[in-house]
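> Sharing a structure with you now.
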2 protein chains.
Amino acid sequence: MATDTTRSEAPDAYAELLERYGRISSIQDAGGVLSWDQQVIMPEGGTPARSRQLSALSATGHELLTAEEFGDALDSAEASDLDASQEAAVREIRREYERSVRVDTDLVERISQTTSEALPVWTQAKDEDDFEAFAPILEDLVELKREYANQIDPDADPYAVLFADYEPYLGLDTAEQVLERLRDELVPLIDEIEASNADLATPFSGTYSEADQEALARDILDSVGYDWDRGRLDVSAHPFTSGNQFDARITTRFDEADPLGALTSTIHEFGHATYALGLPEESYGTPLGEARDLSVHESQSRLWENHVGRSEPFWELLAPEVEERLGVEATPRDFYEAANRIYPDNRIRVEADELTYHMHIVLRFEIERDLISGDLAVEDIPQVWNEKMEEYLGVVPDNDAEGCLQDIHWSHGSFGYFPTYSLGSVLAAQLYGSADREIEDLEGDIEAGEFDALQEWLTENVHRHGKRYRTPELVEEATGEEYSADAFLEYATEKFAALYDL
Amino acid sequence: MATDTTRSEAPDAYAELLERYGRISSIQDAGGVLSWDQQVIMPEGGTPARSRQLSALSATGHELLTAEEFGDALDSAEASDLDASQEAAVREIRREYERSVRVDTDLVERISQTTSEALPVWTQAKDEDDFEAFAPILEDLVELKREYANQIDPDADPYAVLFADYEPYLGLDTAEQVLERLRDELVPLIDEIEASNADLATPFSGTYSEADQEALARDILDSVGYDWDRGRLDVSAHPFTSGNQFDARITTRFDEADPLGALTSTIHEFGHATYALGLPEESYGTPLGEARDLSVHESQSRLWENHVGRSEPFWELLAPEVEERLGVEATPRDFYEAANRIYPDNRIRVEADELTYHMHIVLRFEIERDLISGDLAVEDIPQVWNEKMEEYLGVVPDNDAEGCLQDIHWSHGSFGYFPTYSLGSVLAAQLYGSADREIEDLEGDIEAGEFDALQEWLTENVHRHGKRYRTPELVEEATGEEYSADAFLEYATEKFAALYDL
């Protein structure tokens, strides 16, 4: 690998550290392949063996990372003469090492055990609309994750520590400010939309076969430039992306009554995949070849889903393909309106539109932050959930299954994950705005099905850096601005004011 | 796992050993999933990352197995009070441990490196019919595997040591005797067949779409009782089976001009899968839940392929399905004849019929044995190959691509693997004969599509034991006889004498 200057010119200690880290990283990636297989194509009976395999990989990766030899290699690498990108790689490895080594193996195992148990409990509680059945194990998880945060940093706000598992560098203060602004500015906008008399088009009124929808999804992936030599499209219960710069696969799902759902979800996952595929090949297995965590990842999926996929020029491009594949005749403007309709009475996060989505996140963020701080008891979640739904969206779920039991995240013990969805959307607007200023005629490109310039801009400014920069630095390098919600709020206000004649 | 008496009642030292072994076994199985993915569905570009992942798993498994702690755990388990099946599990772990720990890590890495390099060299040499291009790296591999055998056991015949990697307990003497008998008795039988005037039916003369062939393959798998909740059927360049008692997947391939090829290969792989699926679930991750090596594995695939799939009652069952799926109208007898036609002028092992197949194996066995002993130089392989083809089958390949370069095995350094194919066929006949004596009306069952009794017999006598018995013991437990070629030769002579009016 002649181009791999980060390795070939590196001091021995750095090379040794990368060698050890690469082993761990490959083991984690192997786990990713096994999980993909389990979610996409594994026969049902395979679960017991697969669980054993995944635990073995996870335990082995953890042991290699927390081994004394690894700590020594890290110390030696830090003490050697490194260039800036090598320093960044070591910084990221140090961070991962510290967050692993500070947590007792016993606690890691208890968390793993409890989340395994929680998943079927949550599934059944959701099926039976029985929050009380889920509450006790959720209390255990809150307690365990509080202890986990405490072991990592006893002096920090525990929720901030948990949040940093998913977004390490933006900081909880920034997250809170952004989410507060979204709440304060989007709630009135959504109210205005609800009060508006605008009549948006609804061209999709029939049912559309899975085969036709899949053909359309593949057309769209062809149009945006998905590299099929390094990817696949499959179907799974929940769409997701899995992989690396050599093999980044996406999944989608089809609902015969809702072709827009499959379409936007496919473009969303394409955005995730294109980030993975834009990471530098020669840095595979090092932090410089890994994506910069969840909020930046979500910025890529949301940029493609919303700023490209829900734009009017994109529907100029797509209208003929939709007519061909689904037999729906409508103007690009009609499709554009359909793709941007706001549904304030929707109660389900994963079905939410571009605006109300953030209210679902704000609500979850406020609840989980208060859960971890102890200001909210688990038993009070349903009531608080419904109050906040009423306050932010003016609707109350009919039951907890469609309310506080709807998401899988808490059963995984993933407190602090939700905010990254909104932080990523906000960043998407900022990055898109910057690309739009720097690319001569981005809207024209989209309408013409020319995505090379946008791809290159994203690769150059985001993907190729891997974890070289901390999140705020990455944003500043890419846009010349500090991370902020301004671009998103401006974009959203302008777009929906026009759509809804506000 | 209440039924797992081997673990729950085990002494602590044994439990600790199984815990460590289970980790290694799960890591190896994870590698199996990654290999399956690579051969079946991975996008082409994924190779570099996949190679890194597979090496990481393989190196990690090797390090865990050869670690001092593992050796200590093994010593302690051996010193504790074990029942017979626990003793068997420990015996197998000891065997695997010794074969790993005796070989220098440096040599393991050199073999791994050289086989990686050899694969593309072999591929190109085969494509270009250029044995000389492959010869130097083949010489290196012979030398490395000789050294490998020497490190495992300096006092033993090196080829016997290599052979034992694939078939640990039958012994090279037995293999030699069986292969010599096959050569001595089948060569004249094949000669007689060639001289016969019998005119076997050829009902398959058209082309048959892949979709129709796949539908037929799925019908057949339904008929023989493949458990789709624990398996899949996919397509790959070379058919293979991968998995364990929870998830055993098969692949096949389709040739529009040769539906019999896909059909027999599908049943063959089903035989492998059914062995994996019959292993005890509660012993997953221990030697008692693993298949008894390659010759026994091949006995299961050959039993289903030949003794079931090439039998007249099976074609009574299948004829209507073949007519429905492929539109071929013929009598069961015609299909039976077509499935059993002998082609002495075929030069390609994987396309060989039930008799000439063994001559391909004998030839490879004699060559690789002499290569390892030093009695044959690599450069002389093409000449010896062609002489033996002439001697055993009366044909000479047109070129080395269809001669000594046709198989991938030597590029993997897999010397000693080939004999297990014939040893397995021989065992298939012995096991089938025994099942046939013990099941009231096995032929009637097959014709009626009732495979439960045969499945149960195989599970009870072979599958459920895992590695509990050494191969000769397993054969004696199952059949009441010593391992021998008698049953196969009797079966083959009788069957083909009848078919060819000898």
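Ligands are numbered from 1 in the order shown, residues from 1 within each chain, and chains are lettered A, B, ... in the order they appear in the structure tokens.
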For the contact check between chain A and chain B, emit one row per residue of chain A within 9 Å, containing the shortest atom pair and the distance in Å rounded to one decimal, counting only C-alpha atoms, chain then rising number order, as a tab-separated table.

```
residue	atom	partner	partner_atom	distance
A:Gly22	CA	B:Ala56	CA	8.4
A:Arg23	CA	B:Ala56	CA	5.4
A:Ile24	CA	B:Ala56	CA	7.9
A:Ser25	CA	B:Gln53	CA	8.5
A:Ser26	CA	B:Gln53	CA	4.7
A:Ile27	CA	B:Gln53	CA	6.2
A:Gln28	CA	B:Gln53	CA	8.7
A:Asp29	CA	B:Gln53	CA	7.0
A:Ala30	CA	B:Gln53	CA	5.9
A:Gly31	CA	B:Ala30	CA	8.0
A:Val33	CA	B:Leu34	CA	7.0
A:Leu34	CA	B:Val33	CA	7.0
A:Asp37	CA	B:Asp37	CA	8.4
A:Ile41	CA	B:Arg232	CA	8.7
A:Met42	CA	B:Asp247	CA	7.8
A:Pro43	CA	B:Arg230	CA	5.3
A:Glu44	CA	B:Asp229	CA	5.5
A:Gly45	CA	B:Arg230	CA	4.9
A:Gly46	CA	B:Phe246	CA	4.6
A:Thr47	CA	B:Phe246	CA	7.4
A:Pro48	CA	B:Phe246	CA	7.1
A:Ala49	CA	B:Phe246	CA	6.3
A:Arg50	CA	B:Ala30	CA	8.2
A:Arg52	CA	B:Ser26	CA	6.4
A:Gln53	CA	B:Ser26	CA	4.7
A:Leu54	CA	B:Ala30	CA	8.0
A:Ser55	CA	B:Arg23	CA	8.7
A:Ala56	CA	B:Arg23	CA	5.4
A:Leu57	CA	B:Ile27	CA	6.5
A:Ala59	CA	B:Arg23	CA	9.0
A:Thr60	CA	B:Arg23	CA	8.4
A:Trp228	CA	B:Pro43	CA	7.1
A:Asp229	CA	B:Pro43	CA	5.3
A:Arg230	CA	B:Gly45	CA	4.9
A:Gly231	CA	B:Pro43	CA	5.8
A:Arg232	CA	B:Pro43	CA	7.0
A:Asn244	CA	B:Ala49	CA	7.9
A:Gln245	CA	B:Ala49	CA	8.3
A:Phe246	CA	B:Gly46	CA	4.6
A:Asp247	CA	B:Gly46	CA	4.8
A:Ala248	CA	B:Gly46	CA	8.6
A:Arg249	CA	B:Pro43	CA	8.9
A:Tyr284	CA	B:Ala49	CA	7.5
A:Gly285	CA	B:Ala49	CA	8.5
```
> Show me a table, sorted first by chain and then by increasing residue number, of the residues of region 354-408 of chain B having an atom at most 10 Å from region 119-135 of chain B, each with its shortest atom pair and the distance in Å to one decimal, counting only C-alpha atoms and written as JSON lines.

```
{"residue": "B:Ala377", "atom": "CA", "partner": "B:Ala135", "partner_atom": "CA", "distance": 9.8}
{"residue": "B:Val378", "atom": "CA", "partner": "B:Ala135", "partner_atom": "CA", "distance": 6.3}
{"residue": "B:Glu379", "atom": "CA", "partner": "B:Ala135", "partner_atom": "CA", "distance": 6.6}
{"residue": "B:Asp380", "atom": "CA", "partner": "B:Ala135", "partner_atom": "CA", "distance": 9.8}
{"residue": "B:Ile381", "atom": "CA", "partner": "B:Phe131", "partner_atom": "CA", "distance": 9.2}
{"residue": "B:Pro382", "atom": "CA", "partner": "B:Phe131", "partner_atom": "CA", "distance": 7.8}
{"residue": "B:Asn399", "atom": "CA", "partner": "B:Asp129", "partner_atom": "CA", "distance": 6.8}
{"residue": "B:Asp400", "atom": "CA", "partner": "B:Asp129", "partner_atom": "CA", "distance": 5.7}
{"residue": "B:Ala401", "atom": "CA", "partner": "B:Asp129", "partner_atom": "CA", "distance": 4.8}
{"residue": "B:Glu402", "atom": "CA", "partner": "B:Lys126", "partner_atom": "CA", "distance": 8.3}
{"residue": "B:Gly403", "atom": "CA", "partner": "B:Asp129", "partner_atom": "CA", "distance": 9.4}
{"residue": "B:Cys404", "atom": "CA", "partner": "B:Phe131", "partner_atom": "CA", "distance": 8.1}
{"residue": "B:Leu405", "atom": "CA", "partner": "B:Lys126", "partner_atom": "CA", "distance": 5.6}
{"residue": "B:Gln406", "atom": "CA", "partner": "B:Lys126", "partner_atom": "CA", "distance": 6.9}
{"residue": "B:Asp407", "atom": "CA", "partner": "B:Lys126", "partner_atom": "CA", "distance": 9.2}
{"residue": "B:Ile408", "atom": "CA", "partner": "B:Trp122", "partner_atom": "CA", "distance": 7.6}
```
> Restricting the output to C-alpha atoms, write the selected residues as a short mmCIF file (atom, residue, chain, number, x, y, z; two decimals), in the first residue's frame.

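After the write, part.cif holds the following:
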```
data_model
loop_
_atom_site.label_atom_id
_atom_site.label_comp_id
_atom_site.auth_asym_id
_atom_site.auth_seq_id
_atom_site.Cartn_x
_atom_site.Cartn_y
_atom_site.Cartn_z
CA ALA B 377 9.69 -33.50 -8.37
CA VAL B 378 7.15 -30.75 -9.00
CA GLU B 379 8.38 -30.30 -12.57
CA ASP B 380 7.51 -33.93 -13.35
CA ILE B 381 3.86 -33.64 -12.25
CA PRO B 382 2.36 -33.00 -15.73
CA ASN B 399 -3.56 -29.67 -21.70
CA ASP B 400 -2.49 -29.04 -18.10
CA ALA B 401 -5.39 -26.66 -17.49
CA GLU B 402 -7.66 -29.69 -17.85
CA GLY B 403 -5.04 -31.88 -16.25
CA CYS B 404 -2.81 -31.22 -13.26
CA LEU B 405 -3.89 -27.58 -12.92
CA GLN B 406 -7.61 -28.26 -12.62
CA ASP B 407 -7.96 -28.35 -8.83
CA ILE B 408 -7.53 -25.54 -6.34
#
```
> Residues of region 26-274 of chain B in helix (DSSP H, G or I) according to DSSP, as a PyMOL selection string?
chain B and resi 26-40+44-66+68-79+84-101+105-127+131-152+158-166+172-195+210-224+228-230+259-274
> Tell me, in Å to one decimal, how far CA of Leu186 (chain A) is from CA of Val396 (chain A).
18.3 Å
> Name the closest residue to Leu200 (chain B) among the candidates B:Phe418, B:Phe451, B:Phe365, B:Phe335; distances are taken between atoms, counting only C-alpha atoms.
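For Leu200 (chain B), the nearest of the candidates is B:Phe335.
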> Find, counting only C-alpha atoms, the residue in B:Ala217, B:Ala198, B:Ile250, B:Val178 that gets nearest to Ser484 (chain B).
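Using only C-alpha atoms, Ser484 (chain B) sits closest to B:Val178.
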> Fewer than 4 positions away in the same chain doesn't count, so skip those; otherwise give me all residues within 8 Å of region 100-114 of chain A, counting only C-alpha atoms, as a PyMOL selection string.
chain A and resi 62+65-66+96+118+137+140-141+144-145+148+151-152+413
> If you keep C-alpha atoms, can you produce a file of those selected residues as an mmCIF file, in the first residue's frame?

```
data_model
loop_
_atom_site.group_PDB
_atom_site.id
_atom_site.type_symbol
_atom_site.label_atom_id
_atom_site.label_comp_id
_atom_site.auth_asym_id
_atom_site.auth_seq_id
_atom_site.Cartn_x
_atom_site.Cartn_y
_atom_site.Cartn_z
ATOM 1 C CA HIS A 62 -12.728 -5.879 24.529
ATOM 2 C CA LEU A 65 -8.300 -3.379 23.756
ATOM 3 C CA THR A 66 -7.996 -3.406 27.535
ATOM 4 C CA GLU A 96 -11.563 4.426 22.969
ATOM 5 C CA ALA A 118 -34.416 -6.428 27.992
ATOM 6 C CA ILE A 137 -35.710 -3.803 33.591
ATOM 7 C CA ASP A 140 -32.049 -1.632 35.984
ATOM 8 C CA LEU A 141 -30.652 -0.289 32.737
ATOM 9 C CA LEU A 144 -26.349 0.305 35.199
ATOM 10 C CA LYS A 145 -25.680 3.060 32.673
ATOM 11 C CA TYR A 148 -21.074 2.998 33.691
ATOM 12 C CA GLN A 151 -16.763 4.689 36.151
ATOM 13 C CA ILE A 152 -15.744 6.508 32.996
ATOM 14 C CA GLY A 413 -29.452 0.865 27.172
#
```
> Using only C-alpha atoms, which residues sit within 8 Å of Val142 (chain B) once same-chain residues fewer than 3 positions away are excluded, as a list of chain:residue names?
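Surrounding residues, per the criterion: B:Leu138, B:Glu139, B:Lys145, B:Arg146, B:Leu371, B:Ile372, B:Gly413.
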> How many Å separate CA of Glu92 (chain B) from CA of Leu172 (chain B)?
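Computing it gives 19.0 Å between the two atoms.
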> Figure out the distance between CA of Asp441 (chain A) and CA of Ala429 (chain A), please, to one decimal in Å.
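A separation of 17.0 Å between them.
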